[in-house]
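Enquirer: I'd like to ask some things about the structure below.
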Amino acid sequence: MTEPSPAVAAAIEGEIRLLDPVVRASADVLVTLLHPDFREIGTSGRLWERDTIIAMLTDPAPGAPHPGPLTASRMRGDQLAPDLVHLTFDTESKGLRSHRSSLWRLTGSGWRLYFHQATPFIDDPFAEI
């Protein structure tokens with residue numbers, strides 16, 4: 001297996017940081033990792049923007065479900081342009097498994113997550129029939 005390019009390695013490092021519960025709970029750190037124009041389509045299908053996802057992660061509503069720790073697998077990346085990296089990987093949390101796709105953009109302050117999408121999945125080969 002070949003080593004990832006420096007750009008892909010930087011995006012992977014950022015993505016792994018975002019999986020850390022300590023990072024996810026810090027608005028100050030999230031602001032440095034999420035692009036100002038960040039958008040996400042979550043596992044529920046909800047569209048999130050940077051400010052709303054930071055607020056939800058750092059100050060959840062009383063009684064709101066808290067995401068458990070995320071475990072990532074099969075992470076890989078492709079550099080699409082000098083300033084753009086696409087990552088794909090799977091996560092598992094509390095029994096929920098999701099395919100994930102992220103676009104990381106190079107900015108003047110480093111690599112930042114620009115877009116993210118999560119799609120739940122199960123390993124049932126007959127689920128699509």
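Following the order of the structure tokens, first chain is A, next is B, and so on, with residues numbered from 1 inside each chain and ligands from 1 in the order they appear.
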List the spatial neighbours of range 49-55 of chain A as a ChimeraX atom specification - criterion: any atom at most 6 Å away, only C-alpha atoms, same-chain residues fewer than 2 positions off excluded.

Expert: /A:38-39,57-59

Enquirer: Neighbouring residues of range 71-83 of chain A were defined as those with any atom within 7 Å, considering only C-alpha atoms; residues of the same chain fewer than 2 positions away were excluded. Please report them as an mmCIF file with all heavy atoms, in the first residue's frame.

Expert:
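result-v8.cif, written as the output of this step:
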```
data_model
loop_
_atom_site.group_PDB
_atom_site.id
_atom_site.type_symbol
_atom_site.label_atom_id
_atom_site.label_comp_id
_atom_site.auth_asym_id
_atom_site.auth_seq_id
_atom_site.Cartn_x
_atom_site.Cartn_y
_atom_site.Cartn_z
ATOM 1 N N ALA A 7 -1.546 16.064 1.039
ATOM 2 C CA ALA A 7 -2.886 16.642 1.111
ATOM 3 C C ALA A 7 -3.881 15.634 1.665
ATOM 4 O O ALA A 7 -4.692 15.960 2.539
ATOM 5 C CB ALA A 7 -3.332 17.129 -0.269
ATOM 6 N N VAL A 8 -3.842 14.405 1.164
ATOM 7 C CA VAL A 8 -4.747 13.360 1.660
ATOM 8 C C VAL A 8 -4.441 13.061 3.121
ATOM 9 O O VAL A 8 -5.360 12.921 3.940
ATOM 10 C CB VAL A 8 -4.665 12.093 0.780
ATOM 11 C CG1 VAL A 8 -5.422 10.934 1.422
ATOM 12 C CG2 VAL A 8 -5.200 12.380 -0.620
ATOM 13 N N PRO A 69 -19.395 7.427 20.810
ATOM 14 C CA PRO A 69 -18.096 7.477 20.135
ATOM 15 C C PRO A 69 -18.212 6.856 18.748
ATOM 16 O O PRO A 69 -18.915 5.877 18.555
ATOM 17 C CB PRO A 69 -17.185 6.640 21.028
ATOM 18 C CG PRO A 69 -17.921 6.433 22.305
ATOM 19 C CD PRO A 69 -19.368 6.657 22.033
ATOM 20 N N VAL A 85 -9.610 17.570 -1.519
ATOM 21 C CA VAL A 85 -9.441 16.147 -1.222
ATOM 22 C C VAL A 85 -10.802 15.547 -0.916
ATOM 23 O O VAL A 85 -11.606 16.149 -0.193
ATOM 24 C CB VAL A 85 -8.487 15.932 -0.015
ATOM 25 C CG1 VAL A 85 -8.512 14.492 0.471
ATOM 26 C CG2 VAL A 85 -7.071 16.345 -0.385
ATOM 27 N N HIS A 86 -11.035 14.357 -1.461
ATOM 28 C CA HIS A 86 -12.267 13.607 -1.188
ATOM 29 C C HIS A 86 -11.906 12.393 -0.345
ATOM 30 O O HIS A 86 -11.042 11.599 -0.727
ATOM 31 C CB HIS A 86 -12.911 13.165 -2.502
ATOM 32 C CG HIS A 86 -14.153 12.371 -2.316
ATOM 33 N ND1 HIS A 86 -14.387 11.194 -2.969
ATOM 34 C CD2 HIS A 86 -15.246 12.584 -1.536
ATOM 35 C CE1 HIS A 86 -15.574 10.721 -2.610
ATOM 36 N NE2 HIS A 86 -16.093 11.548 -1.736
ATOM 37 N N LEU A 87 -12.555 12.247 0.813
ATOM 38 C CA LEU A 87 -12.369 11.083 1.673
ATOM 39 C C LEU A 87 -13.646 10.266 1.700
ATOM 40 O O LEU A 87 -14.748 10.820 1.691
ATOM 41 C CB LEU A 87 -12.060 11.501 3.120
ATOM 42 C CG LEU A 87 -10.789 12.285 3.385
ATOM 43 C CD1 LEU A 87 -10.669 12.575 4.885
ATOM 44 C CD2 LEU A 87 -9.570 11.555 2.880
ATOM 45 N N THR A 88 -13.497 8.952 1.769
ATOM 46 C CA THR A 88 -14.624 8.056 2.022
ATOM 47 C C THR A 88 -14.213 7.112 3.140
ATOM 48 O O THR A 88 -13.047 6.741 3.260
ATOM 49 C CB THR A 88 -15.031 7.245 0.773
ATOM 50 O OG1 THR A 88 -13.911 6.501 0.309
ATOM 51 C CG2 THR A 88 -15.561 8.150 -0.324
ATOM 52 N N PHE A 89 -15.196 6.746 3.969
ATOM 53 C CA PHE A 89 -14.935 5.830 5.072
ATOM 54 C C PHE A 89 -16.262 5.388 5.663
ATOM 55 O O PHE A 89 -17.321 5.895 5.297
ATOM 56 C CB PHE A 89 -14.040 6.473 6.144
ATOM 57 C CG PHE A 89 -14.562 7.750 6.746
ATOM 58 C CD1 PHE A 89 -15.145 7.753 8.011
ATOM 59 C CD2 PHE A 89 -14.455 8.959 6.077
ATOM 60 C CE1 PHE A 89 -15.608 8.935 8.576
ATOM 61 C CE2 PHE A 89 -14.905 10.146 6.627
ATOM 62 C CZ PHE A 89 -15.489 10.128 7.887
ATOM 63 N N ASP A 90 -16.198 4.428 6.552
ATOM 64 C CA ASP A 90 -17.378 3.951 7.265
ATOM 65 C C ASP A 90 -17.213 4.260 8.743
ATOM 66 O O ASP A 90 -16.094 4.314 9.253
ATOM 67 C CB ASP A 90 -17.558 2.439 7.092
ATOM 68 C CG ASP A 90 -17.890 2.035 5.667
ATOM 69 O OD1 ASP A 90 -18.409 2.878 4.912
ATOM 70 O OD2 ASP A 90 -17.629 0.882 5.302
ATOM 71 N N THR A 91 -18.342 4.465 9.420
ATOM 72 C CA THR A 91 -18.312 4.631 10.869
ATOM 73 C C THR A 91 -19.346 3.731 11.512
ATOM 74 O O THR A 91 -20.309 3.294 10.870
ATOM 75 C CB THR A 91 -18.594 6.088 11.311
ATOM 76 O OG1 THR A 91 -19.875 6.481 10.840
ATOM 77 C CG2 THR A 91 -17.514 7.032 10.849
ATOM 78 N N GLU A 92 -19.129 3.493 12.800
ATOM 79 C CA GLU A 92 -20.083 2.744 13.618
ATOM 80 C C GLU A 92 -20.193 3.464 14.947
ATOM 81 O O GLU A 92 -19.197 3.879 15.533
ATOM 82 C CB GLU A 92 -19.606 1.306 13.811
ATOM 83 C CG GLU A 92 -20.629 0.374 14.424
ATOM 84 C CD GLU A 92 -20.683 0.446 15.949
ATOM 85 O OE1 GLU A 92 -19.634 0.670 16.566
ATOM 86 O OE2 GLU A 92 -21.784 0.288 16.514
ATOM 87 N N SER A 93 -21.433 3.650 15.410
ATOM 88 C CA SER A 93 -21.691 4.252 16.709
ATOM 89 C C SER A 93 -23.014 3.720 17.237
ATOM 90 O O SER A 93 -24.050 3.865 16.568
ATOM 91 C CB SER A 93 -21.753 5.781 16.590
ATOM 92 O OG SER A 93 -22.089 6.344 17.847
ATOM 93 N N ARG A 105 -11.122 21.257 1.758
ATOM 94 C CA ARG A 105 -10.568 22.316 0.918
ATOM 95 C C ARG A 105 -9.396 22.986 1.622
ATOM 96 O O ARG A 105 -9.445 23.245 2.822
ATOM 97 C CB ARG A 105 -11.627 23.369 0.609
ATOM 98 C CG ARG A 105 -12.736 22.828 -0.266
ATOM 99 C CD ARG A 105 -13.733 23.862 -0.625
ATOM 100 N NE ARG A 105 -13.124 24.835 -1.542
ATOM 101 C CZ ARG A 105 -13.765 25.913 -1.977
ATOM 102 N NH1 ARG A 105 -14.992 26.159 -1.588
ATOM 103 N NH2 ARG A 105 -13.174 26.743 -2.806
ATOM 104 N N LEU A 106 -8.371 23.269 0.848
ATOM 105 C CA LEU A 106 -7.218 23.993 1.374
ATOM 106 C C LEU A 106 -7.536 25.482 1.389
ATOM 107 O O LEU A 106 -7.947 26.052 0.387
ATOM 108 C CB LEU A 106 -5.986 23.718 0.510
ATOM 109 C CG LEU A 106 -4.678 24.357 0.979
ATOM 110 C CD1 LEU A 106 -4.299 23.884 2.390
ATOM 111 C CD2 LEU A 106 -3.573 24.043 -0.024
#
```

Enquirer: What is the CA of Phe121 in chain A to CA of Gly95 in chain A distance in Å?

Expert: 10.6 Å

Enquirer: I want to know what sits within 7 Å of range 9-12 of chain A, based on only C-alpha atoms, with residues of the same chain fewer than 3 positions away left out; could you give that as a PyMOL selection string?

Expert: chain A and resi 4-6+15-16+85+104+111

Enquirer: Nearest to Leu103 in chain A among A:Thr2, A:Gln117, A:Thr32, A:Ser26, with distances taken over only C-alpha atoms: which residue is it?

Expert: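 So, comparing all the options, the nearest one is A:Gln117.
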
Enquirer: With distances taken over only C-alpha atoms, which of A:Pro36, A:Pro21, A:Gly14, A:Gly45 is nearest to Tyr114 in chain A?

Expert: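 Residue with the minimum atom-to-atom distance to Tyr114 in chain A: A:Pro36.
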
Enquirer: Find, counting only C-alpha atoms, the residue in A:Asp123, A:Glu40, A:Ala27, A:Pro60 that gets nearest to Ser101 in chain A.

Expert: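 Going through A:Asp123, A:Glu40, A:Ala27, A:Pro60 one by one, the smallest distance to Ser101 in chain A is for A:Glu40.
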
Enquirer: Measure the distance from CA of Val22 in chain A to CA of Leu34 in chain A in Å and round it to one decimal.

Expert: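 Result for CA of Val22 in chain A versus CA of Leu34 in chain A: 15.4 Å, one decimal.
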
Enquirer: Would you give me, as a PyMOL selection string, the residues in chain A that DSSP reads as strand (DSSP E)?

Expert: chain A and resi 34-41+47-49+71-81+84-93+96-107+110-121

Enquirer: May I ask which of the residues A:Pro120, A:Lys94, A:Arg46, A:Leu70 is the closest one to Arg24 in chain A, counting only C-alpha atoms?

Expert: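 Of the candidates, the smallest distance to Arg24 in chain A is held by A:Leu70.
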
Enquirer: Out of A:Met56, A:Ile41, A:Ala61, A:Val29, which residue has the shortest atom-to-atom distance to His99 in chain A when counting only C-alpha atoms?

Expert: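 Result for the nearest residue to His99 in chain A: A:Ile41.
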
Enquirer: Between CA of Pro62 in chain A and CA of Ser102 in chain A, what is the distance, to one decimal in Å?

Expert: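 Result for CA of Pro62 in chain A versus CA of Ser102 in chain A: 29.1 Å, one decimal.
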